[in-house]
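Taking it in order: structure first as structure tokens, then the write-up.
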Amino acid sequence: SGLAMMAYRAAGLAIPRTSQAQWAYGRQISASQAQPGDLVFFAGADGTPAAPGHVGIVLNPSTHTMIDAYATGYPVEYDTYGLPASKGGLSPVIGFTRP
């Protein structure tokens, strides 16, 4: 969530800091509407969309690629989302927003 906040800040748009606040802030869109720069969210500790626990920035929706950082101190990396081969916690996707 910090990565998303800082990336958007660099582009001149202020968005909230936490994944839960980012989920509530952005306009929710369907997976078929996702574009580069949209945010993709994953279930939190409760396993539901009510409180997303992780967020990534969509790079290419057709290949399900994004950039993310697992937590503070972890490197920014390219990942896939919503695919059987995606890392644990990155599938299933709970939704997308466009800040």
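Identifiers for the structure tokens are assigned positionally: chains receive A, B, ... in sequence, residues are indexed from 1 per chain, and ligands are indexed from 1 in the order shown.
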*Which polymer residues have any atom within 12 Å of an atom of range 13-29 of chain A, counting only C-alpha atoms, with same-chain residues fewer than 4 positions away left out, as a VMD selection string?*
chain A and resid 1 to 9 33 to 35 38 to 45 48 to 57 68 70 to 71 94 to 99
*Would you list the contacts of Asp79 in chain A as a VMD selection string, taking every protein, DNA or RNA residue within 8 Å and counting only C-alpha atoms, but skipping same-chain residues closer than 6 positions in sequence?*
chain A and resid 65 to 68 86 to 87
*Atom pair CA of Gly47 in chain A / CA of Ser32 in chain A: separation (Å)*: 23.0 Å
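All residues of range 15-76 of chain A that DSSP, run on the backbone, classes as strand (DSSP E or B) are A:Arg27, A:Gln28, A:Ile29, A:Leu39, A:Val40, A:Phe41, A:Phe42, A:His54, A:Val55, A:Gly56, A:Ile57, A:Val58, A:Leu59, A:Asn60, A:Thr65, A:Met66, A:Ile67, A:Asp68.
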Writer output for current selection, C-alpha atoms, as a short mmCIF file (atom, residue, chain, number, x, y, z; two decimals), in the first residue's frame:
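Writing the result to part36.cif gives the following:
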data_model
loop_
_atom_site.label_atom_id
_atom_site.label_comp_id
_atom_site.auth_asym_id
_atom_site.auth_seq_id
_atom_site.Cartn_x
_atom_site.Cartn_y
_atom_site.Cartn_z
CA ARG A 27 -13.66 3.67 -7.98
CA GLN A 28 -14.16 -0.08 -8.13
CA ILE A 29 -13.90 -1.56 -11.61
CA LEU A 39 -4.80 -1.10 -8.20
CA VAL A 40 -5.41 -4.82 -7.63
CA PHE A 41 -6.40 -6.03 -4.15
CA PHE A 42 -6.10 -9.30 -2.25
CA HIS A 54 -2.33 -6.40 0.08
CA VAL A 55 -2.41 -4.24 -3.03
CA GLY A 56 -0.41 -4.13 -6.25
CA ILE A 57 -0.22 -1.79 -9.23
CA VAL A 58 -1.39 -3.37 -12.49
CA LEU A 59 1.23 -3.35 -15.24
CA ASN A 60 -0.46 -5.47 -17.88
CA THR A 65 1.33 -8.70 -14.13
CA MET A 66 1.79 -6.10 -11.44
CA ILE A 67 4.42 -4.51 -9.25
CA ASP A 68 4.18 -4.79 -5.50
#
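Here CA of Gly89 in chain A is placed at a distance of 19.7 Å from CA of Ser30 in chain A.
Candidate residues A:Gly12, A:Asp46, A:His64, A:Glu77 were compared for distance to Ala31 in chain A, and the nearest is A:His64, using only C-alpha atoms.
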